[in-house]
>>> print(open('input_1.cif').read())   # mmCIF, C-alpha atoms and all ligand atoms
data_structure
loop_
_atom_site.label_atom_id
_atom_site.label_comp_id
_atom_site.auth_asym_id
_atom_site.auth_seq_id
_atom_site.Cartn_x
_atom_site.Cartn_y
_atom_site.Cartn_z
CA MET A 1 -65.22 237.84 196.78
CA SER A 2 -62.44 235.25 196.23
CA PRO A 3 -59.57 236.28 193.92
CA ARG A 4 -59.57 235.07 190.33
CA LEU A 5 -58.04 231.68 189.74
CA ASN A 6 -54.80 231.82 187.72
CA LEU A 7 -54.80 228.74 185.51
CA LEU A 8 -51.07 229.03 184.82
CA ALA A 9 -49.99 229.35 188.49
CA PRO A 10 -47.60 226.43 189.15
CA GLU A 11 -49.78 224.87 191.88
CA VAL A 12 -52.82 224.92 189.54
CA ARG A 13 -50.89 223.79 186.49
CA GLY A 14 -49.56 220.68 188.26
CA ASN A 15 -53.08 219.53 189.16
CA PRO A 16 -55.88 221.78 187.87
CA TYR A 17 -58.67 219.25 188.54
CA PRO A 18 -59.59 220.17 192.17
CA HIS A 19 -59.71 223.83 191.04
CA TYR A 20 -61.96 222.98 188.08
CA ALA A 21 -64.21 220.97 190.43
CA GLU A 22 -64.54 223.95 192.76
CA LEU A 23 -65.46 226.22 189.84
CA ARG A 24 -68.05 223.72 188.53
CA ARG A 25 -69.62 223.61 192.00
CA THR A 26 -69.56 227.30 192.91
CA THR A 27 -68.98 229.55 189.88
CA PRO A 28 -69.35 227.44 186.71
CA VAL A 29 -68.93 230.48 184.45
CA CYS A 30 -66.47 233.05 185.80
CA GLN A 31 -63.44 235.13 184.86
CA VAL A 32 -59.98 233.61 185.31
CA ASP A 33 -56.37 234.67 184.79
CA PRO A 34 -54.30 235.15 182.76
CA GLY A 35 -56.25 237.32 180.36
CA GLY A 36 -59.57 237.56 182.17
CA PHE A 37 -61.18 234.86 180.02
CA TRP A 38 -64.67 233.69 181.01
CA ALA A 39 -64.01 230.06 181.91
CA VAL A 40 -66.82 227.61 181.13
CA THR A 41 -66.40 224.49 183.25
CA ARG A 42 -69.54 222.31 183.19
CA TYR A 43 -70.01 219.62 180.55
CA ASP A 44 -73.44 220.86 179.45
CA ASP A 45 -72.31 224.49 179.14
CA VAL A 46 -69.21 223.41 177.21
CA THR A 47 -71.31 221.54 174.63
CA THR A 48 -73.79 224.45 174.45
CA VAL A 49 -70.96 226.86 173.58
CA LEU A 50 -69.38 224.53 171.03
CA LYS A 51 -72.74 223.77 169.33
CA ASN A 52 -73.50 227.46 168.80
CA PRO A 53 -70.82 229.07 166.60
CA GLN A 54 -73.22 231.92 165.73
CA LEU A 55 -73.23 232.93 169.43
CA PHE A 56 -69.71 231.79 170.33
CA SER A 57 -67.40 232.55 167.44
CA SER A 58 -64.03 230.96 166.64
CA GLU A 59 -62.79 234.49 166.20
CA GLY A 60 -61.67 233.73 169.79
CA MET A 61 -59.14 231.23 168.41
CA ARG A 62 -57.97 233.83 165.91
CA ARG A 63 -57.34 236.40 168.67
CA ALA A 64 -55.34 233.84 170.64
CA THR A 65 -53.19 232.70 167.72
CA CYS A 66 -52.90 235.88 165.63
CA PRO A 67 -51.63 238.68 167.95
CA PRO A 68 -51.23 242.13 166.32
CA TRP A 69 -47.39 242.04 166.60
CA LEU A 70 -47.29 238.99 164.31
CA GLU A 71 -48.17 240.52 160.95
CA ASP A 72 -48.10 237.22 159.02
CA ALA A 73 -49.78 235.04 161.68
CA PRO A 74 -49.33 231.40 160.68
CA PHE A 75 -52.92 230.27 161.35
CA ALA A 76 -54.67 233.38 159.96
CA TYR A 77 -56.48 231.40 157.23
CA ALA A 78 -56.82 228.06 159.02
CA MET A 79 -60.29 226.57 159.44
CA ILE A 80 -59.87 226.47 163.22
CA VAL A 81 -60.20 230.29 163.39
CA GLN A 82 -63.24 230.50 161.07
CA ASP A 83 -67.01 230.28 161.52
CA PRO A 84 -69.68 228.87 159.22
CA PRO A 85 -70.15 229.30 156.31
CA SER A 86 -66.47 229.91 155.37
CA HIS A 87 -65.41 227.18 157.83
CA GLY A 88 -67.65 224.61 156.06
CA ARG A 89 -66.05 225.34 152.69
CA LEU A 90 -62.53 224.72 154.06
CA ARG A 91 -63.60 221.62 155.96
CA ALA A 92 -65.24 220.11 152.86
CA LEU A 93 -62.06 220.74 150.88
CA VAL A 94 -59.76 218.96 153.32
CA ASN A 95 -62.12 216.16 154.44
CA ARG A 96 -60.96 213.68 151.83
CA ALA A 97 -57.39 213.98 153.01
CA PHE A 98 -58.49 212.30 156.29
CA SER A 99 -60.49 209.46 154.76
CA ALA A 100 -60.38 205.77 155.78
CA PRO A 101 -58.06 204.75 152.88
CA VAL A 102 -55.52 207.37 154.03
CA LEU A 103 -55.63 205.95 157.55
CA ASN A 104 -55.35 202.38 156.29
CA ARG A 105 -52.22 203.31 154.37
CA LEU A 106 -50.80 204.97 157.47
CA GLU A 107 -51.34 202.07 159.89
CA PRO A 108 -48.48 199.70 158.90
CA TRP A 109 -46.14 202.64 158.63
CA VAL A 110 -46.96 203.85 162.18
CA ARG A 111 -46.42 200.35 163.55
CA ARG A 112 -43.01 200.02 161.87
CA ARG A 113 -41.91 203.43 163.09
CA ALA A 114 -43.02 202.64 166.66
CA GLU A 115 -41.12 199.32 166.48
CA THR A 116 -37.92 201.08 165.39
CA LEU A 117 -38.19 203.60 168.23
CA VAL A 118 -39.07 201.00 170.88
CA ALA A 119 -36.17 198.77 169.80
CA ARG A 120 -33.80 201.69 170.48
CA LEU A 121 -35.11 202.40 173.99
CA PRO A 122 -32.58 201.30 176.63
CA THR A 123 -33.34 199.43 179.86
CA GLY A 124 -31.51 200.10 183.13
CA GLN A 125 -31.12 203.84 182.63
CA THR A 126 -33.19 207.02 182.79
CA VAL A 127 -34.52 208.36 179.49
CA ASP A 128 -36.77 211.28 178.64
CA PHE A 129 -39.90 209.58 177.30
CA ILE A 130 -40.70 212.66 175.18
CA GLU A 131 -37.29 212.95 173.57
CA SER A 132 -36.89 209.25 172.92
CA PHE A 133 -40.42 208.12 172.06
CA SER A 134 -43.48 210.39 171.98
CA ARG A 135 -41.97 213.29 170.05
CA PRO A 136 -40.12 211.30 167.35
CA LEU A 137 -43.19 209.11 166.84
CA ALA A 138 -45.67 212.00 166.56
CA ALA A 139 -43.32 214.14 164.45
CA SER A 140 -42.57 211.40 161.97
CA VAL A 141 -46.23 210.35 161.65
CA ILE A 142 -47.33 213.87 160.80
CA SER A 143 -44.43 214.20 158.33
CA GLU A 144 -45.38 210.88 156.73
CA LEU A 145 -49.05 211.88 156.54
CA LEU A 146 -48.13 215.09 154.76
CA GLY A 147 -45.38 213.45 152.69
CA LEU A 148 -42.68 215.75 154.07
CA ASP A 149 -38.94 215.31 154.04
CA THR A 150 -37.49 213.68 157.22
CA SER A 151 -34.77 216.37 157.32
CA LEU A 152 -37.53 218.57 158.75
CA LEU A 153 -37.86 216.52 161.95
CA PRO A 154 -35.11 218.19 164.05
CA ARG A 155 -36.69 221.59 163.40
CA LEU A 156 -40.22 220.65 164.40
CA PRO A 157 -39.88 220.91 168.23
CA ARG A 158 -38.69 224.53 167.97
CA TRP A 159 -41.39 225.39 165.44
CA ALA A 160 -44.03 223.84 167.70
CA ASP A 161 -42.75 225.66 170.77
CA ASP A 162 -42.62 229.04 169.02
CA LEU A 163 -45.88 228.81 167.09
CA THR A 164 -47.90 227.67 170.09
CA SER A 165 -46.60 230.33 172.46
CA THR A 166 -47.90 233.42 170.60
CA SER A 167 -50.63 234.04 173.20
CA SER A 168 -48.29 233.95 176.21
CA VAL A 169 -45.69 236.52 175.01
CA GLY A 170 -45.63 239.58 177.31
CA PRO A 171 -46.24 243.01 175.69
CA GLY A 172 -42.59 244.15 176.17
CA ASP A 173 -40.87 240.89 175.28
CA THR A 174 -39.51 242.04 171.93
CA GLN A 175 -36.77 239.40 171.87
CA ARG A 176 -39.30 236.58 172.06
CA MET A 177 -41.45 238.31 169.44
CA ASP A 178 -38.43 238.49 167.09
CA GLU A 179 -37.64 234.80 167.64
CA ILE A 180 -41.22 233.80 166.87
CA ARG A 181 -41.36 236.04 163.78
CA ALA A 182 -38.16 234.38 162.49
CA THR A 183 -39.61 230.90 163.07
CA VAL A 184 -42.83 231.85 161.28
CA ARG A 185 -40.80 233.06 158.27
CA GLU A 186 -38.76 229.84 158.24
CA ALA A 187 -41.83 227.57 158.58
CA ARG A 188 -43.79 229.47 155.94
CA GLY A 189 -40.82 229.34 153.57
CA TYR A 190 -40.50 225.58 154.05
CA VAL A 191 -44.21 224.88 153.52
CA SER A 192 -44.36 227.16 150.45
CA GLU A 193 -41.46 225.23 148.91
CA VAL A 194 -43.22 221.92 149.55
CA LEU A 195 -46.35 223.25 147.85
CA ALA A 196 -44.39 224.45 144.82
CA HIS A 197 -42.65 221.08 144.57
CA ARG A 198 -45.90 219.06 144.77
CA ARG A 199 -47.51 221.31 142.18
CA ARG A 200 -44.72 220.36 139.79
CA ALA A 201 -44.62 216.69 140.81
CA PRO A 202 -47.81 215.48 142.57
CA GLY A 203 -47.45 212.33 144.69
CA ASP A 204 -49.54 209.96 146.80
CA ASP A 205 -49.63 212.25 149.83
CA MET A 206 -51.89 214.66 151.66
CA VAL A 207 -50.33 217.83 150.22
CA SER A 208 -50.96 216.63 146.64
CA GLU A 209 -54.50 215.63 147.67
CA LEU A 210 -55.12 219.10 149.11
CA LEU A 211 -53.78 220.77 145.95
CA ALA A 212 -56.19 218.72 143.83
CA ALA A 213 -59.24 219.19 146.11
CA ARG A 214 -62.21 221.10 144.63
CA VAL A 215 -65.63 221.98 146.03
CA ASP A 216 -68.00 223.51 143.47
CA GLY A 217 -64.99 223.91 141.19
CA GLU A 218 -63.15 225.95 143.83
CA ALA A 219 -59.69 225.07 145.18
CA LEU A 220 -57.93 226.11 148.39
CA THR A 221 -56.01 229.37 148.04
CA ASP A 222 -52.26 229.43 148.68
CA ALA A 223 -52.76 231.34 151.95
CA GLU A 224 -55.30 228.73 153.11
CA LEU A 225 -52.99 225.86 152.17
CA VAL A 226 -50.02 227.33 154.04
CA SER A 227 -52.13 228.03 157.16
CA PHE A 228 -53.69 224.57 157.08
CA LEU A 229 -50.38 222.74 156.71
CA LEU A 230 -48.73 224.74 159.48
CA MET A 231 -51.70 224.07 161.73
CA LEU A 232 -51.55 220.33 161.04
CA LEU A 233 -47.81 220.19 161.59
CA ILE A 234 -47.97 221.92 164.93
CA ALA A 235 -51.43 221.26 166.40
CA GLY A 236 -51.52 217.63 165.26
CA MET A 237 -48.07 216.96 166.67
CA GLU A 238 -48.08 218.66 170.09
CA THR A 239 -51.44 217.18 171.07
CA THR A 240 -50.51 213.62 170.13
CA ILE A 241 -47.15 213.84 171.93
CA HIS A 242 -49.05 214.67 175.11
CA LEU A 243 -51.61 211.91 174.58
CA LEU A 244 -48.70 209.43 174.62
CA ASN A 245 -47.06 211.20 177.58
CA HIS A 246 -50.25 211.15 179.65
CA ALA A 247 -50.73 207.48 178.81
CA ALA A 248 -47.20 206.72 180.06
CA ARG A 249 -47.79 208.72 183.26
CA LEU A 250 -51.08 206.98 183.97
CA LEU A 251 -49.57 203.55 183.33
CA MET A 252 -46.83 204.39 185.86
CA GLU A 253 -49.48 205.39 188.40
CA HIS A 254 -51.61 202.31 187.63
CA PRO A 255 -49.23 199.38 187.01
CA GLU A 256 -52.18 196.97 187.36
CA VAL A 257 -53.74 198.55 184.24
CA LEU A 258 -50.47 198.14 182.34
CA THR A 259 -50.33 194.45 183.26
CA ARG A 260 -53.96 193.95 182.25
CA VAL A 261 -53.69 195.70 178.88
CA ARG A 262 -50.44 193.92 178.14
CA ALA A 263 -52.14 190.56 178.69
CA GLU A 264 -55.21 191.62 176.71
CA PRO A 265 -54.21 194.08 173.94
CA SER A 266 -57.83 194.33 172.74
CA LEU A 267 -58.35 196.64 175.77
CA MET A 268 -56.02 199.22 174.21
CA PRO A 269 -58.77 201.38 172.59
CA ARG A 270 -60.49 201.60 176.00
CA LEU A 271 -57.24 202.62 177.66
CA VAL A 272 -56.72 205.34 175.03
CA GLU A 273 -60.29 206.68 175.48
CA GLU A 274 -59.95 206.85 179.25
CA VAL A 275 -56.54 208.60 179.00
CA LEU A 276 -58.18 211.12 176.64
CA ARG A 277 -60.97 211.75 179.15
CA TYR A 278 -58.90 211.71 182.34
CA GLU A 279 -55.92 213.73 181.01
CA PRO A 280 -57.03 215.45 177.79
CA PRO A 281 -54.06 217.03 175.94
CA VAL A 282 -56.21 220.07 175.06
CA HIS A 283 -57.57 221.77 178.19
CA GLY A 284 -58.88 225.01 176.76
CA ILE A 285 -60.27 226.31 173.48
CA MET A 286 -61.19 229.91 172.86
CA ARG A 287 -64.36 231.55 171.62
CA VAL A 288 -65.76 235.09 171.63
CA SER A 289 -69.44 235.88 172.28
CA THR A 290 -71.11 237.69 169.37
CA GLN A 291 -73.96 239.14 171.48
CA GLU A 292 -75.03 239.42 175.09
CA THR A 293 -76.04 235.99 176.33
CA GLU A 294 -76.52 233.86 179.45
CA LEU A 295 -74.82 230.65 180.54
CA SER A 296 -75.56 228.81 183.82
CA GLY A 297 -77.35 231.96 184.99
CA VAL A 298 -74.34 234.22 184.33
CA ARG A 299 -74.77 237.14 181.94
CA LEU A 300 -71.97 237.39 179.38
CA PRO A 301 -71.54 240.67 177.53
CA ALA A 302 -71.12 240.78 173.75
CA GLY A 303 -67.45 240.39 172.86
CA ALA A 304 -66.59 238.33 175.95
CA TRP A 305 -63.52 236.11 175.59
CA VAL A 306 -64.59 232.62 176.53
CA LEU A 307 -62.27 229.77 177.54
CA VAL A 308 -64.04 226.47 177.02
CA LEU A 309 -62.41 224.12 179.54
CA LEU A 310 -62.50 220.65 177.99
CA GLY A 311 -60.18 219.59 180.82
CA SER A 312 -62.97 220.37 183.28
CA ALA A 313 -65.90 219.02 181.23
CA ASN A 314 -64.14 215.64 181.02
CA ARG A 315 -64.13 215.45 184.85
CA ASP A 316 -67.73 216.66 185.33
CA GLU A 317 -69.28 214.28 187.89
CA GLY A 318 -72.73 215.13 186.48
CA ARG A 319 -71.68 213.29 183.32
CA PHE A 320 -69.02 210.81 184.47
CA PRO A 321 -69.70 208.86 187.69
CA GLU A 322 -66.64 209.00 189.96
CA ALA A 323 -65.07 211.30 187.41
CA ASP A 324 -61.75 211.53 189.27
CA ARG A 325 -61.24 207.77 189.10
CA PHE A 326 -59.12 206.46 186.20
CA ASP A 327 -61.20 203.53 185.00
CA ILE A 328 -60.70 201.86 181.62
CA ASP A 329 -63.94 199.91 182.12
CA ARG A 330 -66.16 202.96 181.73
CA GLN A 331 -68.93 202.36 179.22
CA GLY A 332 -71.07 204.61 177.09
CA THR A 333 -69.71 207.94 178.27
CA HIS A 334 -69.08 210.74 175.82
CA ASN A 335 -65.68 212.19 176.47
CA LEU A 336 -64.82 215.56 174.93
CA PRO A 337 -61.06 215.62 174.25
CA PHE A 338 -61.50 216.46 170.56
CA GLY A 339 -64.07 219.23 170.99
CA HIS A 340 -67.64 219.11 169.74
CA GLY A 341 -69.75 220.48 166.90
CA VAL A 342 -68.52 221.87 163.58
CA HIS A 343 -64.88 222.09 164.64
CA PHE A 344 -64.70 218.53 166.02
CA CYS A 345 -61.06 217.45 165.52
CA LEU A 346 -60.43 216.18 162.00
CA GLY A 347 -57.32 214.33 163.16
CA ALA A 348 -59.03 212.34 165.96
CA PRO A 349 -58.76 209.00 164.08
CA VAL A 350 -55.07 209.67 163.37
CA ALA A 351 -54.39 210.47 167.04
CA ARG A 352 -56.28 207.40 168.26
CA LEU A 353 -54.50 205.14 165.75
CA GLU A 354 -51.09 206.47 166.68
CA ALA A 355 -51.70 206.13 170.42
CA ARG A 356 -53.11 202.62 170.09
CA LEU A 357 -50.24 201.33 167.93
CA GLY A 358 -47.51 203.23 169.79
CA LEU A 359 -48.64 201.86 173.16
CA GLU A 360 -49.20 198.34 171.82
CA VAL A 361 -45.62 198.19 170.54
CA LEU A 362 -44.23 199.79 173.72
CA LEU A 363 -46.02 197.35 176.04
CA ALA A 364 -45.06 194.34 173.93
CA ARG A 365 -41.47 195.00 175.01
CA PHE A 366 -41.82 196.67 178.41
CA GLY A 367 -43.78 195.34 181.39
CA ARG A 368 -43.11 198.24 183.74
CA ILE A 369 -42.44 201.96 183.47
CA ALA A 370 -41.16 203.87 186.50
CA PRO A 371 -40.91 207.64 187.06
CA ARG A 372 -37.36 208.97 187.49
CA GLY A 373 -37.76 212.64 188.36
CA PRO A 374 -40.26 215.43 188.78
CA VAL A 375 -42.50 216.56 185.94
CA THR A 376 -42.51 220.22 184.88
CA TRP A 377 -45.50 221.49 182.93
CA ASN A 378 -45.66 223.51 179.74
CA HIS A 379 -47.11 227.03 179.81
CA SER A 380 -50.19 227.29 177.60
CA LEU A 381 -53.91 227.79 178.13
CA SER A 382 -54.77 225.36 175.38
CA VAL A 383 -52.43 222.33 175.42
CA ARG A 384 -51.40 220.87 178.81
CA GLY A 385 -48.53 218.43 179.07
CA PRO A 386 -45.10 217.81 180.62
CA ARG A 387 -41.95 219.45 179.24
CA VAL A 388 -39.78 216.48 180.19
CA LEU A 389 -40.80 213.04 181.39
CA PRO A 390 -37.87 211.10 182.91
CA VAL A 391 -38.63 207.37 183.09
CA GLU A 392 -36.96 204.00 183.35
CA LEU A 393 -38.30 201.06 181.36
CA PHE A 394 -38.23 197.42 182.50
CA SER A 395 -38.81 194.46 180.25
CA ARG A 396 -40.92 192.72 182.94
C1 LIG A 401 -54.70 213.71 170.94
C2 LIG A 401 -54.53 214.46 169.89
C3 LIG A 401 -55.44 215.60 169.51
C4 LIG A 401 -56.29 216.34 170.29
C5 LIG A 401 -56.56 216.20 171.78
C6 LIG A 401 -56.93 217.31 169.41
C7 LIG A 401 -57.87 218.23 169.83
C8 LIG A 401 -58.56 219.07 168.99
C9 LIG A 401 -59.62 219.96 169.41
C10 LIG A 401 -60.13 220.11 170.84
C11 LIG A 401 -60.07 220.62 168.31
C12 LIG A 401 -61.24 221.62 168.25
C13 LIG A 401 -60.79 223.05 168.30
C14 LIG A 401 -61.95 224.01 168.34
O1 LIG A 401 -63.11 223.62 168.45
O2 LIG A 401 -61.68 225.24 168.28
C15 LIG A 401 -59.28 220.16 167.19
C16 LIG A 401 -59.43 220.60 165.89
C17 LIG A 401 -58.64 220.15 164.86
N1 LIG A 401 -57.68 219.17 164.89
FE1 LIG A 401 -57.11 218.10 166.49
N2 LIG A 401 -56.43 217.14 168.14
C18 LIG A 401 -55.54 216.11 168.16
C19 LIG A 401 -54.82 215.62 167.09
C20 LIG A 401 -54.93 216.06 165.81
C21 LIG A 401 -54.20 215.52 164.68
C22 LIG A 401 -53.20 214.36 164.76
C23 LIG A 401 -54.56 216.27 163.59
C24 LIG A 401 -54.10 216.15 162.17
C25 LIG A 401 -53.39 215.20 161.66
C26 LIG A 401 -55.54 217.24 164.03
C27 LIG A 401 -56.18 218.14 163.22
C28 LIG A 401 -57.17 219.01 163.61
C29 LIG A 401 -57.83 219.94 162.72
C30 LIG A 401 -57.58 220.10 161.23
C31 LIG A 401 -58.75 220.66 163.50
C32 LIG A 401 -59.66 221.80 163.03
C33 LIG A 401 -61.02 221.29 162.69
C34 LIG A 401 -61.97 222.42 162.36
O3 LIG A 401 -61.70 223.59 162.67
O4 LIG A 401 -63.01 222.12 161.74
N3 LIG A 401 -55.73 217.08 165.37
N4 LIG A 401 -58.38 219.22 167.62
#
>>> encode(input="input_1.cif", output="structure tokens", more="lines below")
Ligand code: HEM
Amino acid sequence: MSPRLNLLAPEVRGNPYPHYAELRRTTPVCQVDPGGFWAVTRYDDVTTVLKNPQLFSSEGMRRATCPPWLEDAPFAYAMIVQDPPSHGRLRALVNRAFSAPVLNRLEPWVRRRAETLVARLPTGQTVDFIESFSRPLAASVISELLGLDTSLLPRLPRWADDLTSTSSVGPGDTQRMDEIRATVREARGYVSEVLAHRRRAPGDDMVSELLAARVDGEALTDAELVSFLLMLLIAGMETTIHLLNHAARLLMEHPEVLTRVRAEPSLMPRLVEEVLRYEPPVHGIMRVSTQETELSGVRLPAGAWVLVLLGSANRDEGRFPEADRFDIDRQGTHNLPFGHGVHFCLGAPVARLEARLGLEVLLARFGRIAPRGPVTWNHSLSVRGPRVLPVELFSR
């Protein structure tokens, strides 16, 4: 029997796709490290799991984000860790905050912010694309969407790093646990203050909208509001940063695509969709089986931890012809970067809008992007992206 694949081993992390392909071919549902999760790798199995929350519960997301050592886990009441029917109640309450008018209001603001950042980018020297473009853009868009104070921006990277690493802290690493607990206290304190302020003085922003939301006369509780806002701040930001980073990497590898999209900006939505398929920012989402069940002929016991590998489903050759080819001319395929079923990403239109506008503005000024150093990868089973991305930008 071959040893279990370790998804966080450096050689796998750098390029997991040949490993996913091997699993899809030989053992489409099997246990992997770290954690012994049952990895689900084929497109059809991935959609089966995500369409059946009664069999595959989001309690799996709770276990990953709410470890026992973190008494006041930040996402404990977020909709992402809940199943129907309580999930449906939360989703109905926050739906309006993501409506088309909200997005329309956001669009000119995102464009202006991208223009300011692009104007500051230097030519003729190496810059970290994350530090100088993708992070400030994603952080300020999420702050604008929520109506938060810009003084928060410098703190967001640390919050994101700490709140997304709860599942990878070793059992004896008490120092890291203390650091994360302190960050959770700080972030909770900040969000609670914002809520108190908006209660006193409601504005034209998402937090005020969420405070006013009612379904059958019922509002969100304070615990639900805090969890939801923390989840949006962190999950909405990290994922979008990596969408922009992957786009930059792919444009460096495929300069002919950059030239084409630059000449024909109407191709931008197709570029964004193919980046989302080819390099999805979210590789894995967690579920737990509620009863014994079978998937691709493999028997899963009740209580099995399941890792749904979106990163693999998006390269499944059974669904995407020549799946390992980056091709912005693909038509009619159904990529899965935002999940599927009841938990389908609420922020998908925000992420797509931000990527489209950010890249449009970037390519209006720069005709070539070149790599200037090796990429190191972050350490998470869910979000996959580079830690630093050294590049040089050329106006033509
Ligand atoms: C490229 C960027 C993004 C990616 C790849 C992404 C991916 C995902 C995925 C895969 C899920 C499903 C999780 C599951 O089924 O357990 C999800 C859920 C969610 N996402 Fe995103 N996301 C992105 C950006 C955003 C943004 C910008 C926001 C908010 C502004 C956001 C808000 C949410 C929310 C609220 C949920 C939970 C939905 C539910 O549980 O019903 N996301 N996202």
>>> closest_residue(input="input_1.cif", among="A:Val32, A:Val306, A:Ala21, A:Ala76", to="Ser2 in chain A", atoms="all atoms listed in the file")
A:Val32
>>> closest_residue(input="input_1.cif", among="A:Trp377, A:Phe228, A:Trp109, A:Trp38", to="Tyr77 in chain A", atoms="all atoms listed in the file")
A:Phe228
>>> residues_near_ligand(input="input_1.cif", ligand="ligand LIG 401 (chain A)", cutoff="7 Å", atoms="only C-alpha atoms and all ligand atoms", output="PyMOL selection string")
chain A and resi 50+58+61+79-81+87+91+142+232+235-237+239-240+243+280-282+285-286+337-340+342-348+350-351
>>> write_last_selection(input="input_1.cif", atoms="C-alpha atoms", output="PDB file, keeping the file's coordinate frame")
ATOM      1  CA  LEU A  50     -69.380 224.530 171.030  1.00  0.00           C
ATOM      2  CA  SER A  58     -64.030 230.960 166.640  1.00  0.00           C
ATOM      3  CA  MET A  61     -59.140 231.230 168.410  1.00  0.00           C
ATOM      4  CA  MET A  79     -60.290 226.570 159.440  1.00  0.00           C
ATOM      5  CA  ILE A  80     -59.870 226.470 163.220  1.00  0.00           C
ATOM      6  CA  VAL A  81     -60.200 230.290 163.390  1.00  0.00           C
ATOM      7  CA  HIS A  87     -65.410 227.180 157.830  1.00  0.00           C
ATOM      8  CA  ARG A  91     -63.600 221.620 155.960  1.00  0.00           C
ATOM      9  CA  ILE A 142     -47.330 213.870 160.800  1.00  0.00           C
ATOM     10  CA  LEU A 232     -51.550 220.330 161.040  1.00  0.00           C
ATOM     11  CA  ALA A 235     -51.430 221.260 166.400  1.00  0.00           C
ATOM     12  CA  GLY A 236     -51.520 217.630 165.260  1.00  0.00           C
ATOM     13  CA  MET A 237     -48.070 216.960 166.670  1.00  0.00           C
ATOM     14  CA  THR A 239     -51.440 217.180 171.070  1.00  0.00           C
ATOM     15  CA  THR A 240     -50.510 213.620 170.130  1.00  0.00           C
ATOM     16  CA  LEU A 243     -51.610 211.910 174.580  1.00  0.00           C
ATOM     17  CA  PRO A 280     -57.030 215.450 177.790  1.00  0.00           C
ATOM     18  CA  PRO A 281     -54.060 217.030 175.940  1.00  0.00           C
ATOM     19  CA  VAL A 282     -56.210 220.070 175.060  1.00  0.00           C
ATOM     20  CA  ILE A 285     -60.270 226.310 173.480  1.00  0.00           C
ATOM     21  CA  MET A 286     -61.190 229.910 172.860  1.00  0.00           C
ATOM     22  CA  PRO A 337     -61.060 215.620 174.250  1.00  0.00           C
ATOM     23  CA  PHE A 338     -61.500 216.460 170.560  1.00  0.00           C
ATOM     24  CA  GLY A 339     -64.070 219.230 170.990  1.00  0.00           C
ATOM     25  CA  HIS A 340     -67.640 219.110 169.740  1.00  0.00           C
ATOM     26  CA  VAL A 342     -68.520 221.870 163.580  1.00  0.00           C
ATOM     27  CA  HIS A 343     -64.880 222.090 164.640  1.00  0.00           C
ATOM     28  CA  PHE A 344     -64.700 218.530 166.020  1.00  0.00           C
ATOM     29  CA  CYS A 345     -61.060 217.450 165.520  1.00  0.00           C
ATOM     30  CA  LEU A 346     -60.430 216.180 162.000  1.00  0.00           C
ATOM     31  CA  GLY A 347     -57.320 214.330 163.160  1.00  0.00           C
ATOM     32  CA  ALA A 348     -59.030 212.340 165.960  1.00  0.00           C
ATOM     33  CA  VAL A 350     -55.070 209.670 163.370  1.00  0.00           C
ATOM     34  CA  ALA A 351     -54.390 210.470 167.040  1.00  0.00           C
TER      35      ALA A 351
END
>>> closest_residue(input="input_1.cif", among="A:Glu253, A:Leu163, A:Gly358, A:Ala97", to="Arg176 in chain A", atoms="all atoms listed in the file")
A:Leu163
>>> residues_around(input="input_1.cif", residues="Arg277 in chain A", least_positions_apart="5", cutoff="8 Å", atoms="only C-alpha atoms", output="CSV table (one decimal) with C-alpha atoms, in the coordinates of the input")
chain,number,residue,atom,x,y,z
A,314,ASN,CA,-64.1,215.6,181.0
A,315,ARG,CA,-64.1,215.4,184.8
A,335,ASN,CA,-65.7,212.2,176.5
A,336,LEU,CA,-64.8,215.6,174.9
A,337,PRO,CA,-61.1,215.6,174.2
>>> atom_distance(input="input_1.cif", atom1="CA of Ala64 in chain A", atom2="CA of Pro349 in chain A")
25.9 Å
>>> axis_aligned_box(input="input_1.cif", around="range 338-357 of chain A", padding_each_side="6 Å", output="AutoDock Vina command-line options")
--center_x -60.0 --center_y 211.7 --center_z 166.5 --size_x 31.5 --size_y 32.8 --size_z 21.0
>>> atom_distance(input="input_1.cif", atom1="CA of Arg356 in chain A", atom2="CA of Lys51 in chain A")
28.9 Å
>>> closest_residue(input="input_1.cif", among="A:Asp173, A:Glu179, A:Glu218, A:Glu131", to="Leu117 in chain A", atoms="only C-alpha atoms")
A:Glu131
>>> residues_around(input="input_1.cif", residues="Ser380 in chain A", least_positions_apart="2", cutoff="10 Å", atoms="all atoms listed in the file", output="number ranges by chain")
A: 7-8, 13, 164-168, 282-284, 377-378, 382-385
>>> atom_distance(input="input_1.cif", atom1="CA of Val261 in chain A", atom2="CA of Pro122 in chain A")
22.0 Å
>>> closest_residue(input="input_1.cif", among="A:Asp83, A:Glu279, A:Asp72, A:Asp316", to="Val46 in chain A", atoms="all atoms listed in the file")
A:Asp316
>>> closest_atom_pairs(input="input_1.cif", of="range 91-169 of chain A", to="range 189-193 of chain A", cutoff="12 Å", atoms="all atoms listed in the file", output="CSV")
residue,atom,partner,partner_atom,distance
A:Ser143,CA,A:Val191,CA,11.7
A:Leu146,CA,A:Val191,CA,10.6
A:Gly147,CA,A:Val191,CA,11.5
A:Leu148,CA,A:Val191,CA,9.3
A:Asp149,CA,A:Tyr190,CA,10.4
A:Ser151,CA,A:Tyr190,CA,11.3
A:Leu152,CA,A:Tyr190,CA,8.9
A:Arg155,CA,A:Tyr190,CA,10.9
A:Leu156,CA,A:Tyr190,CA,11.5
A:Trp159,CA,A:Tyr190,CA,11.4
>>> residues_around(input="input_1.cif", residues="Arg319 in chain A", least_positions_apart="4", cutoff="9 Å", atoms="only C-alpha atoms", output="tab-separated table (two decimals) with C-alpha atoms, in the frame of the given file")
chain	number	residue	atom	x	y	z
A	43	TYR	CA	-70.01	219.62	180.55
A	44	ASP	CA	-73.44	220.86	179.45
A	313	ALA	CA	-65.90	219.02	181.23
A	314	ASN	CA	-64.14	215.64	181.02
A	315	ARG	CA	-64.13	215.45	184.85
A	323	ALA	CA	-65.07	211.30	187.41
A	333	THR	CA	-69.71	207.94	178.27
A	334	HIS	CA	-69.08	210.74	175.82
